[in-house]
$ cat final_25.csv   # CSV, C-alpha atoms and all ligand atoms
chain,number,residue,atom,x,y,z
A,150,MET,CA,89.1,109.8,94.4
A,151,ILE,CA,92.8,110.4,94.2
A,152,PHE,CA,94.7,111.0,97.5
A,153,ASN,CA,97.9,113.0,97.7
A,154,LEU,CA,99.7,111.8,100.8
A,155,LYS,CA,103.0,111.6,102.5
A,156,THR,CA,103.3,108.1,103.8
A,157,LYS,CA,106.0,105.9,105.3
A,158,LEU,CA,108.0,103.4,103.3
A,159,ILE,CA,107.6,100.2,105.2
A,160,VAL,CA,108.7,97.5,102.8
A,161,LYS,CA,111.9,97.7,100.7
A,162,GLU,CA,113.2,94.5,99.0
A,163,GLN,CA,115.8,94.3,96.3
A,164,LEU,CA,114.4,91.5,94.0
A,165,LYS,CA,117.2,91.8,91.3
A,166,PRO,CA,120.2,94.1,90.9
A,167,ASN,CA,117.9,96.7,89.3
A,168,LEU,CA,114.5,95.8,90.6
A,169,PHE,CA,112.9,96.8,93.9
A,170,LYS,CA,109.7,96.1,95.7
A,171,PHE,CA,108.5,98.9,97.9
A,172,GLY,CA,105.5,98.9,100.2
A,173,ILE,CA,103.8,101.9,101.7
A,174,LYS,CA,101.3,102.2,104.6
A,175,SER,CA,98.0,103.7,103.4
A,176,LYS,CA,94.6,102.8,104.5
A,177,GLU,CA,93.1,105.4,102.1
A,178,ILE,CA,94.7,103.8,99.0
A,179,ALA,CA,94.4,100.2,100.1
A,180,ASP,CA,90.7,100.6,100.7
A,181,ILE,CA,89.7,101.9,97.3
A,182,ALA,CA,92.5,100.9,94.8
A,183,LYS,CA,91.4,98.6,91.9
A,184,PRO,CA,93.5,96.2,89.9
A,185,GLY,CA,95.2,98.1,87.0
A,186,GLN,CA,95.5,101.4,88.9
A,187,PHE,CA,98.8,103.1,89.5
A,188,LEU,CA,100.6,105.5,91.8
A,189,GLU,CA,102.2,108.8,90.9
A,190,ILE,CA,105.3,108.9,93.0
A,191,LYS,CA,107.4,112.0,93.9
A,192,VAL,CA,110.8,110.3,93.9
A,193,SER,CA,112.8,112.9,95.8
A,194,GLU,CA,112.2,115.5,98.5
A,195,GLY,CA,113.3,118.4,96.3
A,196,ILE,CA,112.1,119.6,92.9
A,197,ASP,CA,114.6,117.5,90.8
A,198,PRO,CA,113.2,115.5,89.1
A,199,PHE,CA,110.1,117.7,88.9
A,200,LEU,CA,107.7,115.2,87.5
A,201,ARG,CA,106.2,112.3,89.5
A,202,ARG,CA,106.9,108.8,88.1
A,203,PRO,CA,104.0,106.4,87.4
A,204,ILE,CA,104.3,102.9,88.9
A,205,SER,CA,101.6,100.3,88.9
A,206,ILE,CA,100.1,98.9,92.1
A,207,TYR,CA,101.4,95.3,92.4
A,208,ASN,CA,99.8,94.1,95.6
A,209,ILE,CA,97.2,95.4,98.1
A,210,ASP,CA,96.9,94.1,101.6
A,211,LYS,CA,93.7,95.6,102.8
A,212,GLN,CA,94.0,94.1,106.3
A,213,LYS,CA,97.5,95.4,106.9
A,214,GLU,CA,96.7,98.6,104.9
A,215,ILE,CA,99.8,98.1,102.8
A,216,VAL,CA,100.2,98.9,99.1
A,217,GLU,CA,103.1,97.5,97.2
A,218,PHE,CA,104.7,98.3,93.9
A,219,ILE,CA,107.7,97.0,92.0
A,220,PHE,CA,109.9,99.1,89.8
A,221,GLN,CA,112.9,98.7,87.6
A,222,ILE,CA,115.7,101.3,87.6
A,223,LYS,CA,115.4,103.0,84.2
A,224,GLY,CA,116.8,106.5,84.6
A,225,LYS,CA,117.3,109.3,87.1
A,226,GLY,CA,113.9,109.1,88.8
A,227,THR,CA,113.8,105.4,89.5
A,228,GLU,CA,117.4,105.5,90.6
A,229,ILE,CA,116.7,108.1,93.2
A,230,LEU,CA,113.6,106.3,94.3
A,231,SER,CA,115.6,103.1,94.8
A,232,GLU,CA,117.8,104.9,97.3
A,233,ARG,CA,114.9,105.8,99.6
A,234,ASN,CA,114.9,103.8,102.9
A,235,ILE,CA,112.4,102.2,105.2
A,236,GLY,CA,110.9,104.7,107.6
A,237,GLU,CA,111.3,107.6,105.2
A,238,GLU,CA,108.2,109.6,104.1
A,239,ILE,CA,107.2,109.3,100.4
A,240,ASP,CA,104.9,111.7,98.6
A,241,ILE,CA,102.4,109.6,96.7
A,242,MET,CA,99.3,110.4,94.6
A,243,GLY,CA,96.9,107.6,94.1
A,244,PRO,CA,95.2,105.5,93.1
A,245,VAL,CA,95.3,106.9,89.6
A,246,GLY,CA,93.5,105.7,86.5
A,247,ASP,CA,89.8,105.5,85.6
A,248,GLY,CA,90.4,102.5,83.2
A,249,THR,CA,90.9,99.4,85.3
A,250,PHE,CA,90.8,95.7,84.8
A,251,GLU,CA,87.3,94.4,84.8
A,252,ILE,CA,87.0,91.5,87.2
A,253,MET,CA,85.5,88.5,85.4
A,254,GLN,CA,84.1,85.8,87.7
A,255,ASN,CA,83.2,82.2,86.7
A,256,LYS,CA,85.0,82.6,83.4
A,257,LYS,CA,88.1,81.0,81.8
A,258,VAL,CA,90.6,83.8,81.5
A,259,ALA,CA,94.0,84.3,80.1
A,260,ILE,CA,96.5,86.7,81.5
A,261,LEU,CA,99.4,87.6,79.3
A,262,GLY,CA,102.4,89.6,80.7
A,263,GLY,CA,105.8,90.6,79.5
A,264,GLY,CA,108.9,92.0,81.3
A,265,ILE,CA,108.1,94.8,83.8
A,266,GLY,CA,104.4,94.6,82.5
A,267,VAL,CA,103.8,91.6,84.7
A,268,PHE,CA,103.6,93.6,88.0
A,269,PRO,CA,100.0,95.0,87.8
A,270,LEU,CA,98.8,91.5,86.7
A,271,TYR,CA,99.4,90.0,90.2
A,272,GLU,CA,96.7,92.1,92.0
A,273,LEU,CA,94.4,91.3,89.1
A,274,ALA,CA,95.0,87.5,89.3
A,275,LYS,CA,94.4,87.6,93.1
A,276,ASN,CA,91.0,89.1,92.4
A,277,LEU,CA,89.9,86.5,89.9
A,278,LYS,CA,89.2,83.8,92.5
A,279,GLU,CA,86.0,82.5,91.0
A,280,SER,CA,87.5,82.1,87.5
A,281,GLU,CA,89.9,79.6,85.9
A,282,VAL,CA,93.1,81.7,85.6
A,283,ASN,CA,95.7,80.8,82.9
A,284,ILE,CA,98.8,82.9,83.1
A,285,TYR,CA,101.4,83.3,80.3
A,286,LEU,CA,104.5,85.4,81.2
A,287,GLY,CA,107.3,86.2,78.9
A,288,PHE,CA,110.8,87.4,79.9
A,289,ARG,CA,114.0,88.2,77.9
A,290,ASN,CA,116.0,85.5,79.7
A,291,LYS,CA,116.4,83.5,83.0
A,292,ASP,CA,117.8,86.4,84.9
A,293,ALA,CA,114.7,88.5,84.1
A,294,VAL,CA,112.2,86.0,85.4
A,295,VAL,CA,110.5,87.3,88.5
A,296,LEU,CA,107.5,86.5,90.8
A,297,GLU,CA,107.2,82.9,89.5
A,298,ASP,CA,106.1,81.5,92.9
A,299,GLU,CA,103.7,84.4,93.5
A,300,PHE,CA,101.9,84.0,90.1
A,301,ARG,CA,101.8,80.2,90.5
A,302,LYS,CA,99.8,80.6,93.8
A,303,VAL,CA,97.1,82.7,92.1
A,304,SER,CA,96.7,80.7,88.9
A,305,ASN,CA,95.3,77.4,87.7
A,306,GLN,CA,98.1,77.2,85.0
A,307,LEU,CA,101.3,79.2,84.8
A,308,ILE,CA,103.5,79.1,81.7
A,309,ILE,CA,106.8,81.0,81.8
A,310,SER,CA,108.7,81.6,78.6
A,311,THR,CA,112.0,83.2,77.7
A,312,ASP,CA,113.0,84.7,74.4
A,313,ASP,CA,116.3,82.9,74.5
A,314,GLY,CA,115.1,79.6,75.9
A,315,SER,CA,117.3,79.9,79.0
A,316,TYR,CA,114.3,79.2,81.3
A,317,GLY,CA,110.8,77.7,80.9
A,318,VAL,CA,109.5,77.4,77.3
A,319,SER,CA,111.6,78.9,74.5
A,320,GLY,CA,109.9,81.7,72.6
A,321,PHE,CA,107.2,84.3,73.1
A,322,ALA,CA,104.5,83.9,75.8
A,323,ILE,CA,101.7,84.8,73.3
A,324,ASP,CA,102.6,81.7,71.2
A,325,GLU,CA,101.9,79.5,74.3
A,326,LEU,CA,98.5,81.2,74.6
A,327,LYS,CA,97.9,80.7,70.8
A,328,LYS,CA,98.6,77.0,71.3
A,329,ASP,CA,96.2,76.7,74.2
A,330,LEU,CA,93.5,78.5,72.2
A,331,GLN,CA,93.5,75.6,69.7
A,332,GLU,CA,92.0,73.3,72.4
A,333,LYS,CA,90.9,75.4,75.3
A,334,GLN,CA,88.1,77.9,75.6
A,335,ILE,CA,89.2,81.3,76.8
A,336,ASP,CA,86.4,83.8,77.6
A,337,PHE,CA,88.5,86.9,78.4
A,338,ILE,CA,92.1,88.1,78.0
A,339,TYR,CA,94.1,90.6,80.0
A,340,ALA,CA,97.5,91.8,79.0
A,341,CYS,CA,100.3,94.1,80.0
A,342,GLY,CA,103.8,94.2,78.5
A,343,PRO,CA,105.9,95.7,75.8
A,344,LEU,CA,104.1,97.4,72.9
A,345,PRO,CA,104.8,94.6,70.3
A,346,MET,CA,103.2,92.1,72.6
A,347,LEU,CA,100.1,94.3,73.1
A,348,LYS,CA,99.7,94.9,69.4
A,349,ALA,CA,99.9,91.1,68.8
A,350,ILE,CA,97.3,90.3,71.5
A,351,ARG,CA,95.0,93.0,70.2
A,352,GLU,CA,95.1,91.5,66.7
A,353,LEU,CA,94.6,88.0,68.1
A,354,SER,CA,91.7,88.9,70.3
A,355,ILE,CA,89.9,90.7,67.5
A,356,GLU,CA,90.6,87.7,65.1
A,357,LYS,CA,89.3,85.2,67.7
A,358,ASN,CA,86.5,87.5,68.9
A,359,ILE,CA,87.6,87.3,72.6
A,360,PRO,CA,87.2,90.4,74.7
A,361,CYS,CA,90.6,91.7,75.8
A,362,GLN,CA,91.8,94.4,78.0
A,363,VAL,CA,95.4,95.8,77.7
A,364,SER,CA,97.2,98.0,80.2
A,365,LEU,CA,99.4,100.7,78.5
A,366,GLU,CA,102.5,102.2,80.1
A,367,GLU,CA,102.8,105.2,77.9
A,368,ARG,CA,105.3,107.9,78.9
A,369,MET,CA,103.3,110.6,80.8
A,370,ALA,CA,104.0,113.9,82.6
A,371,CYS,CA,101.1,115.2,84.7
A,372,GLY,CA,99.4,111.9,85.4
A,373,VAL,CA,95.9,113.5,85.8
A,374,GLY,CA,94.8,114.2,82.2
A,375,VAL,CA,95.9,117.9,82.0
A,376,CYS,CA,99.1,117.9,79.9
A,377,LEU,CA,97.7,115.5,77.3
A,378,GLY,CA,101.1,113.9,76.8
A,379,CYS,CA,100.0,110.3,76.9
A,380,ALA,CA,97.5,110.3,74.1
A,381,VAL,CA,96.5,107.1,72.4
A,382,LYS,CA,94.3,107.0,69.3
A,383,LYS,CA,90.8,105.7,69.7
A,384,THR,CA,89.8,103.1,67.0
A,385,LYS,CA,88.4,105.1,64.0
A,386,VAL,CA,84.7,105.1,63.6
A,387,ALA,CA,84.8,107.1,60.3
A,388,GLU,CA,87.7,107.4,57.8
A,389,ASP,CA,88.6,111.0,58.5
A,390,GLU,CA,87.8,111.1,62.2
A,391,PHE,CA,90.4,111.0,64.9
A,392,SER,CA,89.9,111.2,68.7
A,393,TYR,CA,92.1,110.3,71.6
A,394,ASN,CA,92.2,108.7,74.9
A,395,TYR,CA,94.7,109.6,77.6
A,396,VAL,CA,96.5,106.8,79.3
A,397,CYS,CA,96.7,108.5,82.7
A,398,LYS,CA,93.1,109.5,82.9
A,399,ASN,CA,91.0,107.2,80.7
A,400,GLY,CA,93.5,104.3,81.2
A,401,PRO,CA,95.9,102.8,81.8
A,402,VAL,CA,93.6,99.8,81.0
A,403,PHE,CA,91.6,99.8,77.8
A,404,TYR,CA,89.6,97.4,75.8
A,405,ALA,CA,92.0,96.4,73.0
A,406,LYS,CA,89.4,96.9,70.3
A,407,ASP,CA,88.7,100.5,71.3
A,408,ILE,CA,92.3,101.8,70.8
A,409,GLU,CA,94.8,101.9,68.0
A,410,ILE,CA,98.2,100.7,69.1
B,501,LIG,C1,100.8,103.6,83.9
B,501,LIG,C2,102.2,103.2,84.1
B,501,LIG,C3,102.6,102.2,85.0
B,501,LIG,C4,103.9,101.8,85.1
B,501,LIG,N1,104.2,100.8,86.0
B,501,LIG,C5,105.5,100.5,86.1
B,501,LIG,C6,105.8,99.4,87.1
B,501,LIG,O1,105.0,98.8,87.7
B,501,LIG,N2,107.1,99.1,87.2
B,501,LIG,C7,108.1,99.8,86.5
B,501,LIG,O2,109.3,99.4,86.7
B,501,LIG,N3,107.8,100.7,85.6
B,501,LIG,C8,106.5,101.1,85.4
B,501,LIG,N4,106.2,102.1,84.5
B,501,LIG,C9,107.3,102.8,83.8
B,501,LIG,C10,108.0,103.8,84.7
B,501,LIG,O3,107.0,104.9,85.0
B,501,LIG,C11,109.2,104.4,84.0
B,501,LIG,O4,110.2,103.4,83.9
B,501,LIG,C12,109.8,105.6,84.9
B,501,LIG,O5,108.9,106.7,84.9
B,501,LIG,C13,111.1,106.0,84.4
B,501,LIG,O6,111.5,107.1,85.1
B,501,LIG,P1,113.1,107.5,85.2
B,501,LIG,O7,113.2,108.9,85.8
B,501,LIG,O8,113.8,106.4,86.0
B,501,LIG,O9,113.6,107.4,83.8
B,501,LIG,P2,113.6,108.5,82.7
B,501,LIG,O10,114.9,109.2,82.8
B,501,LIG,O11,112.4,109.3,82.7
B,501,LIG,O12,113.7,107.5,81.4
B,501,LIG,C14,114.8,106.6,81.3
B,501,LIG,C15,114.4,105.6,80.1
B,501,LIG,O13,113.2,104.9,80.4
B,501,LIG,C16,112.3,105.1,79.3
B,501,LIG,N5,110.9,105.3,79.8
B,501,LIG,C17,110.5,106.2,80.7
B,501,LIG,N6,109.2,106.1,80.9
B,501,LIG,C18,108.8,105.0,80.2
B,501,LIG,C19,107.5,104.3,80.1
B,501,LIG,N7,106.4,104.7,80.6
B,501,LIG,N8,107.5,103.2,79.2
B,501,LIG,C20,108.6,102.8,78.6
B,501,LIG,N9,109.8,103.4,78.7
B,501,LIG,C21,109.9,104.5,79.5
B,501,LIG,C22,112.8,106.4,78.6
B,501,LIG,O14,112.4,106.5,77.3
B,501,LIG,C23,114.3,106.3,78.8
B,501,LIG,O15,114.9,105.5,77.8
B,501,LIG,C24,104.9,102.5,84.4
B,501,LIG,C25,104.6,103.5,83.5
B,501,LIG,C26,103.2,103.9,83.3
B,501,LIG,C27,102.9,105.0,82.4
$ encode --input "final_25.csv" --output "structure tokens" --more "lines below"
Ligand SMILES: Cc1cc2nc3c(=O)[nH]c(=O)nc-3n(C[C@H](O)[C@H](O)[C@H](O)COP(=O)(O)OP(=O)(O)OC[C@H]3O[C@@H](n4cnc5c(N)ncnc54)[C@H](O)[C@@H]3O)c2cc1C
Amino acid sequence: MIFNLKTKLIVKEQLKPNLFKFGIKSKEIADIAKPGQFLEIKVSEGIDPFLRRPISIYNIDKQKEIVEFIFQIKGKGTEILSERNIGEEIDIMGPVGDGTFEIMQNKKVAILGGGIGVFPLYELAKNLKESEVNIYLGFRNKDAVVLEDEFRKVSNQLIISTDDGSYGVSGFAIDELKKDLQEKQIDFIYACGPLPMLKAIRELSIEKNIPCQVSLEERMACGVGVCLGCAVKKTKVAEDEFSYNYVCKNGPVFYAKDIEI
């Protein structure tokens, strides 16, 4: 079920110059949202911009009925959203997405995240209480590193890497996972991040035969599977056969082996 509600903004925190954490009060969404789902947010009161902006659910507090999301200012929509203030009403559709992270219990799991793709992985990690959770997060540089303390609290192991070596381990997060795979058993992989990272983890998971789910952040318009703007090819079953999944409706989370990215 997807609710369309006007709800009050009750948390607003600026985490970085261009990064905001917002929290809304919504028992409806907090009660049913699953890790990996997202919100379609109407950023302004008027009709400009017309389209809602998709933002992942970062944290759900069922007791307090608060749903939080974190977003980076990218363009007009997120800029306008960042100017909204506590107490203002926001028009939200959610939770959106049929494809969600499958919660593996009593397993050894790896969570791979990059850049703004790390946000939906926090609610996921919180829900994997019965599993051994190994988290690998990659950022461009020290200034981009975010939520380190939060991810440490919900993991058995956290490795942070930066592309330029200015913080944590130097290099790509996936390379740290590759190193661990040489001596550690990993039963399941979850990933969200830039497309090159997702392509690489898809290949690695197929090569090592480890089930893997990836969350895609394809550009989308309607958010409910009508406009077909966010198509992603399904893995071919026959040479001349093509069919598509839609990130907003079938995703945003898919089994890596089932899609071509
Ligand atoms: C399922 C899903 C979950 C998402 N979750 C988050 C999240 O938790 N936090 C967050 O900060 N962002 C998230 N995004 C991305 C976010 O929706 C876009 O950054 C936002 O819609 C941009 O709107 P805008 O009006 O500010 O920018 P626009 O003016 O629409 O675009 C500005 C720039 O951003 C690029 N851009 C726009 N949308 C995307 C996208 N989906 N992926 C990559 N580049 C894009 C454009 O190409 C352009 O260069 C998510 C996207 C999807 C589809």
$ residues_around --input "final_25.csv" --residues "stretch 319-336 of chain A" --least-positions-apart "4" --cutoff "6 Å" --atoms "all atoms listed in the file" --output "list in words"
Lys257, Val258, Tyr285, Leu286, Gly287, Ser310, Thr311, Asp312 and Gly314 of chain A
$ closest_residue --input "final_25.csv" --among "A:Lys385, A:Lys275, A:Lys174, A:Lys256" --to "A:Asp240" --atoms "all atoms listed in the file"
A:Lys174
$ residues_around --input "final_25.csv" --residues "stretch 338-344 of chain A" --least-positions-apart "5" --cutoff "6 Å" --atoms "only C-alpha atoms" --output "list of chain:residue names"
A:Val258, A:Ala259, A:Ile260, A:Leu261, A:Gly262, A:Gly263, A:Gly266, A:Cys361, A:Gln362, A:Val363, A:Ser364
$ residues_near_ligand --input "final_25.csv" --ligand "ligand LIG 501 (chain B)" --cutoff "7 Å" --atoms "all atoms listed in the file" --output "PyMOL selection string"
chain A and resi 187+202-207+218-228+265-266+268-269+365-369+397+401
$ closest_residue --input "final_25.csv" --among "A:Tyr393, A:Phe171, A:Phe288, A:Phe250" --to "A:Met346" --atoms "all atoms listed in the file"
A:Phe288
$ build_atoms --input "final_25.csv" --residues "stretch 156-167 of chain A" --atoms "all heavy atoms" --output "PDB file, in the coordinates of the input"
ATOM      1  N   THR A 156     103.446 109.320 103.032  1.00  0.00           N
ATOM      2  CA  THR A 156     103.300 108.100 103.800  1.00  0.00           C
ATOM      3  C   THR A 156     104.611 107.384 103.948  1.00  0.00           C
ATOM      4  O   THR A 156     105.533 107.611 103.169  1.00  0.00           O
ATOM      5  CB  THR A 156     102.229 107.193 103.121  1.00  0.00           C
ATOM      6  OG1 THR A 156     102.126 105.985 103.845  1.00  0.00           O
ATOM      7  CG2 THR A 156     102.598 106.875 101.692  1.00  0.00           C
ATOM      8  N   LYS A 157     104.683 106.550 104.961  1.00  0.00           N
ATOM      9  CA  LYS A 157     106.000 105.900 105.300  1.00  0.00           C
ATOM     10  C   LYS A 157     106.263 104.719 104.395  1.00  0.00           C
ATOM     11  O   LYS A 157     105.383 103.903 104.128  1.00  0.00           O
ATOM     12  CB  LYS A 157     105.980 105.458 106.735  1.00  0.00           C
ATOM     13  CG  LYS A 157     106.276 106.562 107.694  1.00  0.00           C
ATOM     14  CD  LYS A 157     107.044 106.025 108.911  1.00  0.00           C
ATOM     15  CE  LYS A 157     107.758 107.119 109.659  1.00  0.00           C
ATOM     16  NZ  LYS A 157     106.934 108.148 110.216  1.00  0.00           N
ATOM     17  N   LEU A 158     107.516 104.630 103.979  1.00  0.00           N
ATOM     18  CA  LEU A 158     108.000 103.400 103.300  1.00  0.00           C
ATOM     19  C   LEU A 158     108.189 102.355 104.324  1.00  0.00           C
ATOM     20  O   LEU A 158     108.987 102.534 105.257  1.00  0.00           O
ATOM     21  CB  LEU A 158     109.282 103.749 102.541  1.00  0.00           C
ATOM     22  CG  LEU A 158     109.889 102.612 101.744  1.00  0.00           C
ATOM     23  CD1 LEU A 158     108.957 102.201 100.606  1.00  0.00           C
ATOM     24  CD2 LEU A 158     111.233 103.012 101.161  1.00  0.00           C
ATOM     25  N   ILE A 159     107.440 101.234 104.199  1.00  0.00           N
ATOM     26  CA  ILE A 159     107.600 100.200 105.200  1.00  0.00           C
ATOM     27  C   ILE A 159     108.088  98.866 104.683  1.00  0.00           C
ATOM     28  O   ILE A 159     108.392  97.962 105.443  1.00  0.00           O
ATOM     29  CB  ILE A 159     106.274  99.981 106.033  1.00  0.00           C
ATOM     30  CG1 ILE A 159     105.117  99.642 105.095  1.00  0.00           C
ATOM     31  CG2 ILE A 159     105.920 101.178 106.898  1.00  0.00           C
ATOM     32  CD1 ILE A 159     103.914  99.124 105.849  1.00  0.00           C
ATOM     33  N   VAL A 160     108.143  98.746 103.363  1.00  0.00           N
ATOM     34  CA  VAL A 160     108.700  97.500 102.800  1.00  0.00           C
ATOM     35  C   VAL A 160     109.751  97.982 101.730  1.00  0.00           C
ATOM     36  O   VAL A 160     109.466  98.866 100.919  1.00  0.00           O
ATOM     37  CB  VAL A 160     107.650  96.685 102.031  1.00  0.00           C
ATOM     38  CG1 VAL A 160     108.283  95.478 101.333  1.00  0.00           C
ATOM     39  CG2 VAL A 160     106.537  96.242 102.970  1.00  0.00           C
ATOM     40  N   LYS A 161     110.941  97.414 101.800  1.00  0.00           N
ATOM     41  CA  LYS A 161     111.900  97.700 100.700  1.00  0.00           C
ATOM     42  C   LYS A 161     112.690  96.350 100.535  1.00  0.00           C
ATOM     43  O   LYS A 161     113.359  95.868 101.450  1.00  0.00           O
ATOM     44  CB  LYS A 161     112.907  98.771 101.121  1.00  0.00           C
ATOM     45  CG  LYS A 161     113.951  98.996 100.031  1.00  0.00           C
ATOM     46  CD  LYS A 161     114.913 100.131 100.346  1.00  0.00           C
ATOM     47  CE  LYS A 161     115.901 100.287  99.204  1.00  0.00           C
ATOM     48  NZ  LYS A 161     116.856 101.386  99.402  1.00  0.00           N
ATOM     49  N   GLU A 162     112.527  95.777  99.355  1.00  0.00           N
ATOM     50  CA  GLU A 162     113.200  94.500  99.000  1.00  0.00           C
ATOM     51  C   GLU A 162     113.847  94.649  97.688  1.00  0.00           C
ATOM     52  O   GLU A 162     113.194  95.100  96.743  1.00  0.00           O
ATOM     53  CB  GLU A 162     112.172  93.385  98.932  1.00  0.00           C
ATOM     54  CG  GLU A 162     112.001  92.515 100.143  1.00  0.00           C
ATOM     55  CD  GLU A 162     110.904  91.481  99.896  1.00  0.00           C
ATOM     56  OE1 GLU A 162     111.018  90.701  98.946  1.00  0.00           O
ATOM     57  OE2 GLU A 162     109.922  91.522 100.653  1.00  0.00           O
ATOM     58  N   GLN A 163     115.101  94.247  97.586  1.00  0.00           N
ATOM     59  CA  GLN A 163     115.800  94.300  96.300  1.00  0.00           C
ATOM     60  C   GLN A 163     115.558  92.877  95.644  1.00  0.00           C
ATOM     61  O   GLN A 163     116.106  91.890  96.138  1.00  0.00           O
ATOM     62  CB  GLN A 163     117.241  94.576  96.437  1.00  0.00           C
ATOM     63  CG  GLN A 163     117.917  94.781  95.104  1.00  0.00           C
ATOM     64  CD  GLN A 163     119.250  95.511  95.216  1.00  0.00           C
ATOM     65  OE1 GLN A 163     119.735  95.783  96.310  1.00  0.00           O
ATOM     66  NE2 GLN A 163     119.842  95.829  94.066  1.00  0.00           N
ATOM     67  N   LEU A 164     114.753  92.797  94.585  1.00  0.00           N
ATOM     68  CA  LEU A 164     114.400  91.500  94.000  1.00  0.00           C
ATOM     69  C   LEU A 164     115.477  91.056  92.974  1.00  0.00           C
ATOM     70  O   LEU A 164     115.688  89.871  92.768  1.00  0.00           O
ATOM     71  CB  LEU A 164     113.065  91.569  93.283  1.00  0.00           C
ATOM     72  CG  LEU A 164     111.864  92.048  94.113  1.00  0.00           C
ATOM     73  CD1 LEU A 164     110.599  92.057  93.269  1.00  0.00           C
ATOM     74  CD2 LEU A 164     111.665  91.163  95.335  1.00  0.00           C
ATOM     75  N   LYS A 165     116.118  92.025  92.322  1.00  0.00           N
ATOM     76  CA  LYS A 165     117.200  91.800  91.300  1.00  0.00           C
ATOM     77  C   LYS A 165     118.106  92.985  91.439  1.00  0.00           C
ATOM     78  O   LYS A 165     117.763  93.985  92.069  1.00  0.00           O
ATOM     79  CB  LYS A 165     116.577  91.809  89.900  1.00  0.00           C
ATOM     80  CG  LYS A 165     115.436  90.850  89.655  1.00  0.00           C
ATOM     81  CD  LYS A 165     115.907  89.661  88.866  1.00  0.00           C
ATOM     82  CE  LYS A 165     114.773  88.667  88.721  1.00  0.00           C
ATOM     83  NZ  LYS A 165     115.216  87.327  88.531  1.00  0.00           N
ATOM     84  N   PRO A 166     119.262  92.933  90.764  1.00  0.00           N
ATOM     85  CA  PRO A 166     120.200  94.100  90.900  1.00  0.00           C
ATOM     86  C   PRO A 166     119.497  95.428  90.576  1.00  0.00           C
ATOM     87  O   PRO A 166     119.801  96.428  91.201  1.00  0.00           O
ATOM     88  CB  PRO A 166     121.271  93.767  89.856  1.00  0.00           C
ATOM     89  CG  PRO A 166     121.263  92.275  89.756  1.00  0.00           C
ATOM     90  CD  PRO A 166     119.840  91.839  89.980  1.00  0.00           C
ATOM     91  N   ASN A 167     118.561  95.455  89.625  1.00  0.00           N
ATOM     92  CA  ASN A 167     117.900  96.700  89.300  1.00  0.00           C
ATOM     93  C   ASN A 167     116.422  96.748  89.486  1.00  0.00           C
ATOM     94  O   ASN A 167     115.694  97.482  88.817  1.00  0.00           O
ATOM     95  CB  ASN A 167     118.251  97.112  87.809  1.00  0.00           C
ATOM     96  CG  ASN A 167     117.647  96.095  86.860  1.00  0.00           C
ATOM     97  OD1 ASN A 167     117.192  95.040  87.290  1.00  0.00           O
ATOM     98  ND2 ASN A 167     117.628  96.424  85.576  1.00  0.00           N
TER      99      ASN A 167
END
